[in-house]
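Encoded as structure tokens, the structure appears first; notes follow it.
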Amino acid sequence: RRFTSKINGNSIFIPAAGYYYNGSVSEVGKYGYIWSSTISSPYNNARFLKFRATTCSASTTERCYGMSVRGVCI
């Protein structure tokens, strides 16, 4: 899925790579998951973005899931 900035029009493409958990990969080609840098207190979980072609939402989960990470230059 391509995400485009409303500020400057730049965009990035993030593939629907699914996630890894407990020895297997799930939802490849159906959903994309990408970690945020935000930790969710008090349980030490982390925030992530889940998306597909037409929707996306943010949530929290345990950090033992394998999700994509996107490096950001500052």
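Ordered as shown in the structure tokens, chains take letters A, B, and onward, while each chain numbers its residues from 1 and ligands are numbered from 1 in the order shown.
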When DSSP is applied to the backbone of this structure, which of region 22-63 of chain A are assigned strand (DSSP E or B)? Write them out as a ChimeraX atom specification. /A:24-26,32-40,45-51,56-61
Find the residues around Tyr19 (chain A) up to 12 Å (only C-alpha atoms counted), leave out those fewer than 6 positions away in its own chain, and share them as a list of chain:residue names. A:Val25, A:Ser26, A:Glu27, A:Val28, A:Gly29, A:Lys30, A:Tyr31, A:Gly32, A:Tyr33, A:Ile34, A:Trp35, A:Phe48, A:Leu49, A:Lys50, A:Phe51, A:Arg63, A:Cys64, A:Tyr65, A:Gly66, A:Met67, A:Ser68, A:Val69
Report the distance between CA of Asn45 (chain A) and CA of Tyr20 (chain A) in Å, rounded to one decimal place.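 So the answer is 16.3 Å.
Put simply, CA of Ala17 (chain A) is 28.7 Å away from CA of Pro42 (chain A).
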Pick the closest to Ser40 (chain A) from A:Ile7, A:Arg2, A:Ser59, A:Ile14: which is it, counting only C-alpha atoms?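 Among A:Ile7, A:Arg2, A:Ser59, A:Ile14, it is A:Ser59 that comes nearest to Ser40 (chain A).
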Shell of 10 Å around Asn44 (chain A), only C-alpha atoms, local chain residues under 6 positions omitted, as number ranges by chain: A: 38, 60-63
Atom pair CA of Ser37 (chain A) / CA of Asn22 (chain A): separation (Å):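 Taking CA of Ser37 (chain A) and CA of Asn22 (chain A), their separation equals 22.4 Å.
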